[in-house]
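Student: Contents of entry-v4.tsv (TSV, C-alpha atoms):
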```
chain	number	residue	atom	x	y	z
A	63	MET	CA	-128.70	-31.53	53.23
A	64	SER	CA	-131.90	-30.15	51.65
A	65	ASN	CA	-132.17	-26.42	50.94
A	66	ASN	CA	-134.77	-26.03	53.71
A	67	LYS	CA	-132.60	-27.80	56.28
A	68	HIS	CA	-129.57	-25.82	55.12
A	69	GLU	CA	-131.42	-22.51	55.47
A	70	ASN	CA	-132.84	-23.54	58.86
A	71	THR	CA	-129.31	-24.28	60.08
A	72	LEU	CA	-128.09	-20.88	58.91
A	73	LEU	CA	-131.08	-19.17	60.55
A	74	THR	CA	-130.33	-20.97	63.82
A	75	ASN	CA	-126.70	-19.86	63.57
A	76	LEU	CA	-127.86	-16.30	62.99
A	77	ASP	CA	-130.12	-16.39	66.05
A	78	ASN	CA	-127.26	-17.77	68.16
A	79	ALA	CA	-124.77	-15.23	66.84
A	80	THR	CA	-127.16	-12.33	67.36
A	81	SER	CA	-127.88	-13.41	70.96
A	82	LYS	CA	-124.18	-13.15	71.73
A	83	VAL	CA	-123.84	-9.53	70.68
A	84	SER	CA	-122.30	-7.58	73.52
A	85	LYS	CA	-123.99	-4.99	75.70
A	86	ALA	CA	-121.93	-2.36	73.92
A	87	SER	CA	-123.39	-3.42	70.61
A	88	THR	CA	-126.90	-3.23	72.05
A	89	THR	CA	-126.22	0.27	73.28
A	90	ARG	CA	-124.87	1.17	69.86
A	91	ARG	CA	-128.03	-0.08	68.13
A	92	ASN	CA	-130.20	1.94	70.52
A	93	PHE	CA	-128.18	4.98	69.66
A	94	LEU	CA	-128.59	4.28	65.95
A	95	LYS	CA	-132.37	4.21	66.28
A	96	THR	CA	-132.40	7.74	67.64
A	97	ALA	CA	-129.60	9.03	65.44
A	98	ALA	CA	-131.42	7.87	62.34
A	99	VAL	CA	-134.06	10.56	62.74
A	100	GLY	CA	-131.81	13.25	64.17
A	101	SER	CA	-130.90	16.56	62.61
A	102	ALA	CA	-127.42	15.24	61.72
A	103	ALA	CA	-129.04	12.97	59.17
A	104	ALA	CA	-130.59	15.89	57.35
A	105	VAL	CA	-127.27	17.75	57.27
A	106	ALA	CA	-125.05	14.86	56.17
A	107	ALA	CA	-127.42	13.43	53.56
A	108	PRO	CA	-130.34	15.78	52.87
A	109	TRP	CA	-131.77	13.43	50.22
A	110	VAL	CA	-132.76	10.87	52.87
A	111	GLY	CA	-136.47	11.33	53.57
A	112	ASN	CA	-137.78	11.17	57.12
A	113	VAL	CA	-139.79	8.00	56.54
A	114	GLN	CA	-136.84	6.22	54.96
A	115	ALA	CA	-134.49	7.31	57.75
A	116	GLN	CA	-136.94	6.14	60.43
A	117	GLN	CA	-137.34	2.72	58.84
A	118	GLY	CA	-133.65	2.28	58.12
A	119	ILE	CA	-132.06	-0.62	56.28
A	120	ARG	CA	-130.25	-3.03	58.57
A	121	ILE	CA	-127.61	-5.15	56.84
A	122	ARG	CA	-126.40	-8.27	58.63
A	123	MET	CA	-122.94	-8.72	57.13
A	124	GLN	CA	-120.51	-11.55	57.84
A	125	SER	CA	-116.80	-11.14	57.30
A	126	SER	CA	-114.21	-13.80	56.56
A	127	TRP	CA	-112.05	-12.27	59.28
A	128	GLN	CA	-111.78	-14.08	62.57
A	129	PRO	CA	-112.44	-12.03	65.73
A	130	GLY	CA	-109.45	-10.52	67.47
A	131	THR	CA	-107.52	-9.84	64.26
A	132	VAL	CA	-106.58	-6.46	62.81
A	133	GLY	CA	-108.69	-7.41	59.79
A	134	TYR	CA	-111.86	-7.88	61.82
A	135	ARG	CA	-111.25	-4.86	64.02
A	136	THR	CA	-110.90	-2.68	60.92
A	137	PHE	CA	-113.99	-4.20	59.31
A	138	GLU	CA	-116.07	-3.79	62.48
A	139	ALA	CA	-115.07	-0.14	62.90
A	140	TRP	CA	-116.00	0.60	59.29
A	141	ALA	CA	-119.31	-1.25	59.55
A	142	ASN	CA	-120.25	0.65	62.70
A	143	GLY	CA	-119.59	3.98	60.96
A	144	VAL	CA	-121.90	3.39	57.99
A	145	VAL	CA	-125.04	4.47	59.86
A	146	GLU	CA	-123.59	7.92	60.49
A	147	ALA	CA	-122.19	8.22	56.96
A	148	THR	CA	-125.62	7.45	55.48
A	149	SER	CA	-127.46	9.57	58.05
A	150	GLY	CA	-129.34	6.59	59.39
A	151	GLU	CA	-130.57	5.15	56.11
A	152	VAL	CA	-128.25	2.12	56.32
A	153	SER	CA	-126.77	0.36	59.34
A	154	ILE	CA	-124.49	-2.67	59.23
A	155	GLU	CA	-124.46	-5.34	61.93
A	156	PRO	CA	-121.06	-7.04	61.60
A	157	PHE	CA	-120.39	-10.72	62.25
A	158	PRO	CA	-117.00	-12.49	62.28
A	159	ALA	CA	-116.12	-15.60	60.31
A	160	GLY	CA	-118.35	-18.57	60.99
A	161	ALA	CA	-120.83	-16.72	63.22
A	162	VAL	CA	-123.78	-17.35	60.91
A	163	ALA	CA	-122.56	-19.28	57.85
A	164	GLY	CA	-119.57	-21.47	57.16
A	165	ALA	CA	-116.65	-20.07	55.18
A	166	PHE	CA	-117.87	-21.49	51.87
A	167	GLU	CA	-121.60	-20.91	52.54
A	168	VAL	CA	-121.62	-17.12	52.94
A	169	ALA	CA	-122.70	-16.34	49.37
A	170	ASP	CA	-125.61	-18.79	49.67
A	171	ALA	CA	-126.66	-17.16	52.94
A	172	VAL	CA	-126.66	-13.73	51.29
A	173	ARG	CA	-128.58	-14.93	48.25
A	174	ASN	CA	-131.18	-16.66	50.46
A	175	GLY	CA	-131.60	-13.65	52.76
A	176	VAL	CA	-130.21	-15.32	55.89
A	177	LEU	CA	-127.46	-12.69	55.71
A	178	ASP	CA	-127.84	-9.37	53.90
A	179	GLY	CA	-124.22	-8.83	52.95
A	180	GLN	CA	-120.76	-10.33	52.87
A	181	ASN	CA	-117.15	-9.32	53.31
A	182	TRP	CA	-115.41	-12.47	52.25
A	183	PHE	CA	-112.28	-13.56	50.42
A	184	THR	CA	-113.20	-13.69	46.75
A	185	VAL	CA	-110.95	-16.75	46.36
A	186	TYR	CA	-114.02	-18.68	47.57
A	187	TRP	CA	-116.06	-17.73	44.47
A	188	PRO	CA	-114.80	-20.40	42.01
A	189	GLY	CA	-116.93	-23.02	43.71
A	190	LYS	CA	-119.99	-20.98	42.69
A	191	MET	CA	-118.81	-19.82	39.26
A	192	PRO	CA	-115.67	-20.57	37.21
A	193	ALA	CA	-115.05	-16.89	36.50
A	194	GLY	CA	-114.61	-16.35	40.22
A	195	VAL	CA	-111.03	-17.59	39.97
A	196	PHE	CA	-110.17	-14.30	38.25
A	197	LEU	CA	-111.83	-12.05	40.85
A	198	THR	CA	-108.75	-12.36	43.04
A	199	ALA	CA	-105.10	-13.29	42.73
A	200	PHE	CA	-104.10	-16.50	40.98
A	201	PRO	CA	-100.63	-18.01	40.55
A	202	MET	CA	-98.19	-15.65	38.80
A	203	GLY	CA	-100.94	-13.23	37.80
A	204	LEU	CA	-101.21	-9.52	38.63
A	205	SER	CA	-98.91	-9.03	41.58
A	206	LEU	CA	-99.48	-5.50	42.92
A	207	PRO	CA	-102.64	-3.74	44.14
A	208	HIS	CA	-102.47	-0.95	41.57
A	209	GLN	CA	-102.37	-3.54	38.78
A	210	TRP	CA	-105.72	-4.83	40.02
A	211	ASP	CA	-107.04	-1.28	40.03
A	212	MET	CA	-106.01	-1.10	36.38
A	213	MET	CA	-107.70	-4.39	35.53
A	214	PHE	CA	-110.97	-3.48	37.24
A	215	GLY	CA	-110.95	0.11	35.98
A	216	ALA	CA	-109.01	0.70	32.78
A	217	TYR	CA	-109.66	-2.76	31.30
A	218	GLY	CA	-113.32	-3.19	32.27
A	219	GLY	CA	-113.10	-5.88	34.92
A	220	MET	CA	-115.49	-4.13	37.32
A	221	ASP	CA	-118.39	-4.15	34.88
A	222	ILE	CA	-117.89	-7.87	34.31
A	223	ALA	CA	-117.62	-8.53	38.04
A	224	LYS	CA	-120.82	-6.58	38.77
A	225	ASP	CA	-122.67	-8.64	36.18
A	226	LEU	CA	-121.40	-11.87	37.74
A	227	TYR	CA	-122.47	-10.83	41.23
A	228	ARG	CA	-125.92	-9.78	40.07
A	229	ARG	CA	-126.48	-13.21	38.60
A	230	GLN	CA	-125.68	-14.55	42.08
A	231	GLY	CA	-128.36	-12.32	43.58
A	232	GLN	CA	-125.86	-9.79	44.92
A	233	GLU	CA	-124.72	-6.25	44.27
A	234	LEU	CA	-120.94	-5.82	44.37
A	235	LEU	CA	-120.19	-2.58	46.19
A	236	GLY	CA	-116.45	-2.91	45.70
A	237	TYR	CA	-113.34	-4.99	46.14
A	238	VAL	CA	-111.14	-4.57	49.21
A	239	HIS	CA	-107.35	-4.61	49.13
A	240	HIS	CA	-105.86	-6.77	51.81
A	241	ASP	CA	-102.40	-8.31	51.50
A	242	LEU	CA	-100.28	-11.01	49.96
A	243	ASN	CA	-100.65	-14.52	51.36
A	244	LEU	CA	-97.98	-16.51	53.19
A	245	ILE	CA	-97.25	-20.21	53.39
A	246	HIS	CA	-96.56	-21.36	56.94
A	247	SER	CA	-94.72	-24.66	57.07
A	248	LYS	CA	-93.55	-27.13	59.66
A	249	ILE	CA	-90.86	-28.22	57.17
A	250	PRO	CA	-88.23	-26.03	55.46
A	251	LEU	CA	-89.23	-25.75	51.78
A	252	ARG	CA	-86.32	-24.18	49.93
A	253	SER	CA	-87.30	-24.98	46.33
A	254	PHE	CA	-90.26	-26.32	44.41
A	255	ASP	CA	-88.68	-29.76	44.49
A	256	ASP	CA	-89.23	-29.74	48.27
A	257	PHE	CA	-93.02	-29.40	47.75
A	258	LYS	CA	-93.29	-32.92	46.33
A	259	GLY	CA	-95.43	-35.04	48.65
A	260	ILE	CA	-96.05	-32.21	51.12
A	261	LYS	CA	-99.56	-32.10	52.63
A	262	LEU	CA	-100.51	-28.53	51.82
A	263	ARG	CA	-103.66	-26.54	52.59
A	264	MET	CA	-104.69	-24.34	49.68
A	265	PRO	CA	-107.98	-22.52	48.97
A	266	GLY	CA	-108.95	-24.82	46.09
A	267	GLY	CA	-109.39	-23.92	42.44
A	268	ILE	CA	-106.49	-22.90	40.26
A	269	VAL	CA	-104.22	-22.22	43.26
A	270	ALA	CA	-104.49	-25.79	44.53
A	271	GLU	CA	-104.15	-27.20	41.01
A	272	THR	CA	-100.93	-25.29	40.40
A	273	PHE	CA	-99.31	-26.64	43.56
A	274	ALA	CA	-100.60	-30.12	42.75
A	275	GLU	CA	-98.80	-29.83	39.41
A	276	ILE	CA	-95.49	-29.38	41.22
A	277	GLY	CA	-96.16	-32.43	43.39
A	278	ALA	CA	-97.88	-31.15	46.54
A	279	ARG	CA	-100.78	-33.08	48.08
A	280	THR	CA	-103.29	-30.25	48.44
A	281	THR	CA	-106.35	-30.13	50.65
A	282	LEU	CA	-109.15	-27.59	51.09
A	283	LEU	CA	-109.90	-26.30	54.59
A	284	PRO	CA	-111.85	-23.26	55.84
A	285	GLY	CA	-109.75	-20.67	57.63
A	286	SER	CA	-110.91	-21.70	61.10
A	287	GLU	CA	-109.47	-25.20	60.62
A	288	VAL	CA	-106.01	-24.26	59.35
A	289	TYR	CA	-104.31	-23.64	62.70
A	290	PRO	CA	-105.64	-26.86	64.32
A	291	ALA	CA	-104.58	-28.88	61.27
A	292	LEU	CA	-101.03	-27.51	61.48
A	293	GLU	CA	-100.95	-28.03	65.23
A	294	LYS	CA	-102.00	-31.68	64.94
A	295	GLY	CA	-99.72	-32.36	61.97
A	296	THR	CA	-102.68	-33.22	59.74
A	297	ILE	CA	-101.01	-30.96	57.19
A	298	ASP	CA	-97.37	-29.98	56.75
A	299	ALA	CA	-97.90	-26.47	55.44
A	300	ALA	CA	-100.71	-24.04	54.75
A	301	ASP	CA	-101.47	-20.97	52.72
A	302	PHE	CA	-103.12	-18.33	54.85
A	303	THR	CA	-103.32	-14.56	55.03
A	304	GLY	CA	-100.57	-12.04	55.78
A	305	ALA	CA	-97.97	-11.54	58.47
A	306	ALA	CA	-99.92	-9.58	61.09
A	307	VAL	CA	-103.14	-11.57	61.04
A	308	ASN	CA	-101.28	-14.87	61.08
A	309	TYR	CA	-99.13	-13.72	63.98
A	310	GLU	CA	-102.23	-12.70	65.95
A	311	LEU	CA	-103.70	-16.15	65.26
A	312	GLY	CA	-100.56	-17.79	66.67
A	313	PHE	CA	-99.17	-19.45	63.53
A	314	TRP	CA	-95.65	-18.93	64.88
A	315	GLN	CA	-96.48	-21.52	67.56
A	316	VAL	CA	-97.23	-24.33	65.09
A	317	ALA	CA	-94.94	-23.63	62.10
A	318	ASP	CA	-91.26	-22.72	62.22
A	319	TYR	CA	-91.00	-21.53	58.62
A	320	ILE	CA	-92.61	-18.95	56.36
A	321	ILE	CA	-92.23	-19.66	52.63
A	322	MET	CA	-92.27	-16.73	50.22
A	323	GLY	CA	-91.37	-16.04	46.62
A	324	PRO	CA	-88.18	-14.26	45.48
A	325	PRO	CA	-87.66	-10.52	46.07
A	326	SER	CA	-89.19	-9.70	42.68
A	327	THR	CA	-92.40	-11.58	43.53
A	328	PRO	CA	-92.71	-12.12	47.30
A	329	CYS	CA	-95.87	-14.18	46.82
A	330	LEU	CA	-96.17	-16.47	43.81
A	331	HIS	CA	-99.67	-17.83	44.29
A	332	GLN	CA	-101.86	-15.08	45.83
A	333	ALA	CA	-99.97	-11.83	45.67
A	334	VAL	CA	-103.09	-9.64	46.00
A	335	ASP	CA	-105.61	-11.56	48.07
A	336	LEU	CA	-108.72	-9.48	47.50
A	337	MET	CA	-111.86	-9.38	49.60
A	338	ASP	CA	-115.21	-7.92	48.61
A	339	ILE	CA	-118.17	-6.14	50.12
A	340	SER	CA	-121.49	-6.95	48.53
A	341	VAL	CA	-125.13	-7.03	49.55
A	342	ASN	CA	-128.26	-8.88	48.58
A	343	ARG	CA	-129.84	-7.26	45.50
A	344	ARG	CA	-133.19	-6.82	47.23
A	345	THR	CA	-131.48	-4.97	50.05
A	346	PHE	CA	-129.55	-2.77	47.61
A	347	GLU	CA	-132.70	-1.85	45.69
A	348	ARG	CA	-134.32	-0.55	48.89
A	349	MET	CA	-131.67	2.18	49.16
A	350	SER	CA	-132.13	5.62	47.66
A	351	SER	CA	-130.11	6.13	44.48
A	352	GLN	CA	-127.85	8.62	46.26
A	353	THR	CA	-127.12	6.13	49.04
A	354	GLN	CA	-126.43	3.41	46.48
A	355	ASP	CA	-123.71	5.64	45.04
A	356	LEU	CA	-122.48	6.58	48.51
A	357	MET	CA	-122.13	2.92	49.54
A	358	HIS	CA	-119.74	2.35	46.62
A	359	ASP	CA	-117.70	5.35	47.75
A	360	LEU	CA	-117.65	4.11	51.35
A	361	VAL	CA	-116.33	0.72	50.26
A	362	ALA	CA	-113.62	2.33	48.11
A	363	ALA	CA	-112.54	4.40	51.11
A	364	TYR	CA	-112.65	1.31	53.31
A	365	SER	CA	-110.39	-0.58	50.91
A	366	ARG	CA	-107.71	2.06	51.32
A	367	GLU	CA	-108.13	2.14	55.11
A	368	HIS	CA	-108.12	-1.65	55.36
A	369	TYR	CA	-104.97	-2.04	53.26
A	370	ALA	CA	-103.13	0.64	55.25
A	371	ALA	CA	-104.13	-0.92	58.58
A	372	ILE	CA	-102.95	-4.36	57.48
A	373	GLN	CA	-99.61	-3.07	56.19
A	374	LYS	CA	-98.95	-1.08	59.37
A	375	ALA	CA	-99.67	-4.18	61.46
A	376	ASN	CA	-97.44	-6.26	59.17
A	377	ALA	CA	-94.50	-3.91	59.73
A	378	GLU	CA	-94.88	-4.50	63.46
A	379	ALA	CA	-95.32	-8.26	63.08
A	380	TRP	CA	-92.27	-9.22	61.02
A	381	PRO	CA	-89.73	-8.56	63.83
A	382	LYS	CA	-91.89	-10.60	66.21
A	383	TYR	CA	-91.61	-13.66	63.99
A	384	ARG	CA	-87.83	-13.38	64.05
A	385	GLU	CA	-87.89	-13.01	67.82
A	386	LYS	CA	-89.86	-16.26	68.01
A	387	GLY	CA	-87.26	-18.03	65.89
A	388	VAL	CA	-89.38	-18.35	62.74
A	389	GLU	CA	-87.23	-18.59	59.59
A	390	ILE	CA	-88.41	-16.70	56.50
A	391	ILE	CA	-87.40	-18.60	53.35
A	392	HIS	CA	-87.44	-16.93	49.94
A	393	LEU	CA	-87.68	-19.17	46.89
A	394	THR	CA	-85.51	-18.32	43.90
A	395	GLU	CA	-86.13	-16.50	40.63
A	396	GLU	CA	-85.67	-19.87	38.94
A	397	ASP	CA	-88.52	-21.25	41.06
A	398	ALA	CA	-90.69	-18.32	39.95
A	399	THR	CA	-89.93	-19.06	36.30
A	400	ARG	CA	-90.81	-22.73	36.79
A	401	PHE	CA	-94.02	-21.82	38.58
A	402	ARG	CA	-95.07	-19.51	35.73
A	403	GLU	CA	-94.50	-22.32	33.23
A	404	VAL	CA	-96.85	-24.52	35.26
A	405	ALA	CA	-99.39	-21.76	35.85
A	406	ILE	CA	-99.95	-20.45	32.32
A	407	PRO	CA	-101.66	-23.59	30.94
A	408	LEU	CA	-103.93	-23.57	33.99
A	409	TRP	CA	-104.84	-19.92	33.38
A	410	PHE	CA	-106.27	-20.89	30.02
A	411	LYS	CA	-107.84	-24.09	31.31
A	412	TRP	CA	-109.86	-22.14	33.87
A	413	ALA	CA	-110.54	-19.22	31.53
A	414	ASN	CA	-112.03	-21.55	28.94
A	415	LYS	CA	-114.46	-23.16	31.37
A	416	ASP	CA	-117.15	-20.69	30.29
A	417	ALA	CA	-117.66	-17.40	28.45
A	418	ASP	CA	-117.71	-15.32	31.64
A	419	ALA	CA	-114.37	-16.67	32.79
A	420	ALA	CA	-112.90	-16.03	29.33
A	421	ARG	CA	-113.99	-12.40	29.14
A	422	LEU	CA	-112.80	-11.64	32.68
A	423	PHE	CA	-109.46	-13.33	32.02
A	424	LYS	CA	-109.12	-11.28	28.81
A	425	ALA	CA	-109.15	-8.17	31.02
A	426	HIS	CA	-106.30	-9.75	32.99
A	427	LEU	CA	-104.30	-10.54	29.85
A	428	ASN	CA	-104.70	-6.99	28.59
A	429	THR	CA	-103.46	-5.65	31.92
A	430	MET	CA	-100.54	-8.09	32.16
A	431	MET	CA	-99.37	-7.07	28.69
A	432	ASP	CA	-99.81	-3.34	29.32
A	433	PRO	CA	-96.32	-1.79	28.91
A	434	ALA	CA	-96.61	-0.30	32.40
A	435	VAL	CA	-97.13	-3.79	33.86
A	436	ALA	CA	-95.29	-6.10	31.43
A	437	LEU	CA	-95.77	-9.34	33.35
A	438	ILE	CA	-96.04	-11.46	30.20
A	439	THR	CA	-95.44	-11.15	26.47
A	440	GLU	CA	-97.19	-12.50	23.41
A	441	GLU	CA	-94.42	-15.09	23.21
A	442	ASP	CA	-95.34	-16.43	26.67
A	443	ILE	CA	-98.87	-17.31	25.56
A	444	LYS	CA	-98.43	-18.04	21.86
A	445	ASP	CA	-99.37	-21.70	22.29
A	446	TYR	CA	-102.69	-20.98	24.01
A	447	GLN	CA	-106.08	-19.78	22.80
A	448	LEU	CA	-108.81	-18.00	24.68
A	449	ASN	CA	-112.32	-19.07	23.66
A	450	LEU	CA	-114.24	-15.82	23.90
```
How would this structure read if it were set down as C-alpha cells?
Tutor:
Amino acid sequence: MSNNKHENTLLTNLDNATSKVSKASTTRRNFLKTAAVGSAAAVAAPWVGNVQAQQGIRIRMQSSWQPGTVGYRTFEAWANGVVEATSGEVSIEPFPAGAVAGAFEVADAVRNGVLDGQNWFTVYWPGKMPAGVFLTAFPMGLSLPHQWDMMFGAYGGMDIAKDLYRRQGQELLGYVHHDLNLIHSKIPLRSFDDFKGIKLRMPGGIVAETFAEIGARTTLLPGSEVYPALEKGTIDAADFTGAAVNYELGFWQVADYIIMGPPSTPCLHQAVDLMDISVNRRTFERMSSQTQDLMHDLVAAYSREHYAAIQKANAEAWPKYREKGVEIIHLTEEDATRFREVAIPLWFKWANKDADAARLFKAHLNTMMDPAVALITEEDIKDYQLNL
C-alpha cells in the first residue's frame, strides 16, 4: 500500500471512530470548551495565557487497550482529566485499540499526524527500530518494576529513549507500568520440552525468537486477533497481558491453562510489560514550557495509578480463574535456568544490531549487575561482546 493510500485509510478510520463517540463524550467536549477559558484555569496553571487556553491543544490519542477492560477504563479516565490538570491548554480525546490505526501502525499514525499521541505497548517498537526491543521487558531481563525505574533513571535509559522517540517524530512523555504477561494455553505445558511444536502467539522480536529456540512455532498477531485464534484452534497458546484484563476478555473460555514461570520469576519472557505515552513532536512544541513539564509529571502519576488499578483487578481475577476450572501451571527453576541460557546470546544479537540498541542494552547490563539487582554476573556474559 502506498503512503498516501495508507494515510487515507487511517484518516477514514479516524473519521469513523470520531463519529462513534458517545453523547457523553460530546457533552464533555462542550464542557471543555467553556472550562478552558474559565477562572479555574488561571488558578490551577497561571502561566497559561488566555489566547493559548482559548485555542487549546487537542490530542487524539489511541491506546493499545481494548474497550471494556480495566486498562482502557483507567486510561480513559486519566485522558479525560488532563484538560482540567492543564487548565484547558491540553485536552486528550482517547481512542481504544484499533479505532483509528492497527496495532502495529500506531507509531506511523502519530508521526504522520493522523493521530497526535499514543499509549501503546512498547513491545511493538522493534519493528520500527532495533533498540525498541530494550524499551520493554525481554526474556529473563529486568523482572520487577523498580528495576526498570533504576534502568531509566539511575543508568540513563530515559535520555536514550527520548532520543530514539524524537528520531521517530515523537516526544516520549513517560513509560507506564502495567503488569507481567501470561501465556494462555489449550494444552498443559509443564516444562520447556512441552513447547516443542506448539503453535504459539508471541509479539515478535526477541521474545518470539527465544521461544523459537526452544522449539515453539511462533506467530505474530495483533491483540484483537488473539482470542479468535485460540477459540478456533489456529494457535495452541498465546502470550497476552495480565490476569484481570485477560479474564475480562474471556480467555478462560478458550484456554484451560495459564503457564507461568517459577515462584522466583513468575514471568520469564515479559515480566514488566511496559506501555508508553508519547505525542507528535509538533504537538508537543505547541505547549508552553510549563505544560511540557507538567505533562511528564501527569504521565508519571498515571503510571502509578495504572499499575495499582491493574494489580487490584488482578487480585480479584485470580480466584475467578480457579472457579472456572483454569489450571495455573508454574514452570520450574530448572526451566528458568535453561531459558536464560537460550536468552543471553539473543540479548547480544539484538543489542549489536545497531549503536542505539547497544547503548540502551548497556544500561540494562549495568542495572542487571547492580548489587541491589544481581540478575547476572560477569561470568554469565563472559563469552559475549557488546559493540558500542
Student: So which one's closest to Leu282 in chain A, A:Val185, A:Leu356, A:Val172, A:Leu197? Using all atoms listed in the file, please.
Tutor: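 Using all atoms listed in the file, Leu282 in chain A sits closest to A:Val185.
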Student: Measuring between all atoms listed in the file, which one of A:Thr272, A:Pro129, A:Val361, A:Gly215 shows the shortest distance to Ala147 in chain A?
Tutor: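 Checking each of A:Thr272, A:Pro129, A:Val361, A:Gly215 against Ala147 in chain A, counting all atoms listed in the file, the winner is A:Val361.
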Student: How many Å separate CA of Tyr319 in chain A from CA of Thr296 in chain A?
Tutor: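 Rounded to one decimal, the two atoms are 16.6 Å apart.
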Student: I'd like to know which of A:Glu403, A:Asp318, A:Glu151, A:Asp418 is closest to Ile438 in chain A, using only C-alpha atoms.
Tutor: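 When distances to Ile438 in chain A are compared using only C-alpha atoms, the smallest one comes from A:Glu403.
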Student: Using all atoms listed in the file, which of the listed residues (A:Ser247, A:Cys329, A:Thr148, A:Thr280) sits closest to Ala299 in chain A?
Tutor: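 Smallest distance to Ala299 in chain A is found for A:Ser247.
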Student: When distances are computed from only C-alpha atoms, which of A:Leu244, A:Val238, A:Ile339, A:Val334 shows the smallest separation from Ala169 in chain A?
Tutor: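 Smallest separation from Ala169 in chain A among the options: A:Ile339.
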Student: CA of Gly150 in chain A and CA of Ser350 in chain A, how far apart in Å?
Tutor: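 Distance reported for this atom pair: 12.1 Å.
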Student: Point out the residue among A:Glu378, A:Leu422, A:Gln124, A:Gly118 with the least atom-to-atom distance to Glu146 in chain A, counting all atoms listed in the file.
Tutor: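 The closest residue to Glu146 in chain A is A:Gly118.
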Student: List as a short mmCIF file (atom, residue, chain, number, x, y, z; two decimals) with C-alpha atoms, in the frame of the given file the residues having at least one atom at most 9 Å from position (-96.6, -31.3, 49.8) as given in the file, counting all atoms listed in the file.
Tutor:
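The resulting part.cif:
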```cif
data_model
loop_
_atom_site.label_atom_id
_atom_site.label_comp_id
_atom_site.auth_asym_id
_atom_site.auth_seq_id
_atom_site.Cartn_x
_atom_site.Cartn_y
_atom_site.Cartn_z
CA ASP A 256 -89.23 -29.74 48.27
CA PHE A 257 -93.02 -29.40 47.75
CA LYS A 258 -93.29 -32.92 46.33
CA GLY A 259 -95.43 -35.04 48.65
CA ILE A 260 -96.05 -32.21 51.12
CA LYS A 261 -99.56 -32.10 52.63
CA LEU A 262 -100.51 -28.53 51.82
CA ARG A 263 -103.66 -26.54 52.59
CA PHE A 273 -99.31 -26.64 43.56
CA ALA A 274 -100.60 -30.12 42.75
CA ILE A 276 -95.49 -29.38 41.22
CA GLY A 277 -96.16 -32.43 43.39
CA ALA A 278 -97.88 -31.15 46.54
CA ARG A 279 -100.78 -33.08 48.08
CA THR A 280 -103.29 -30.25 48.44
CA ILE A 297 -101.01 -30.96 57.19
CA ASP A 298 -97.37 -29.98 56.75
CA ALA A 299 -97.90 -26.47 55.44
#
```
Student: For a test of reading the model, state the distance in Å between CA of Ser351 in chain A and CA of Gly143 in chain A, rounded to one decimal.
Tutor: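 The value is 19.7 Å.
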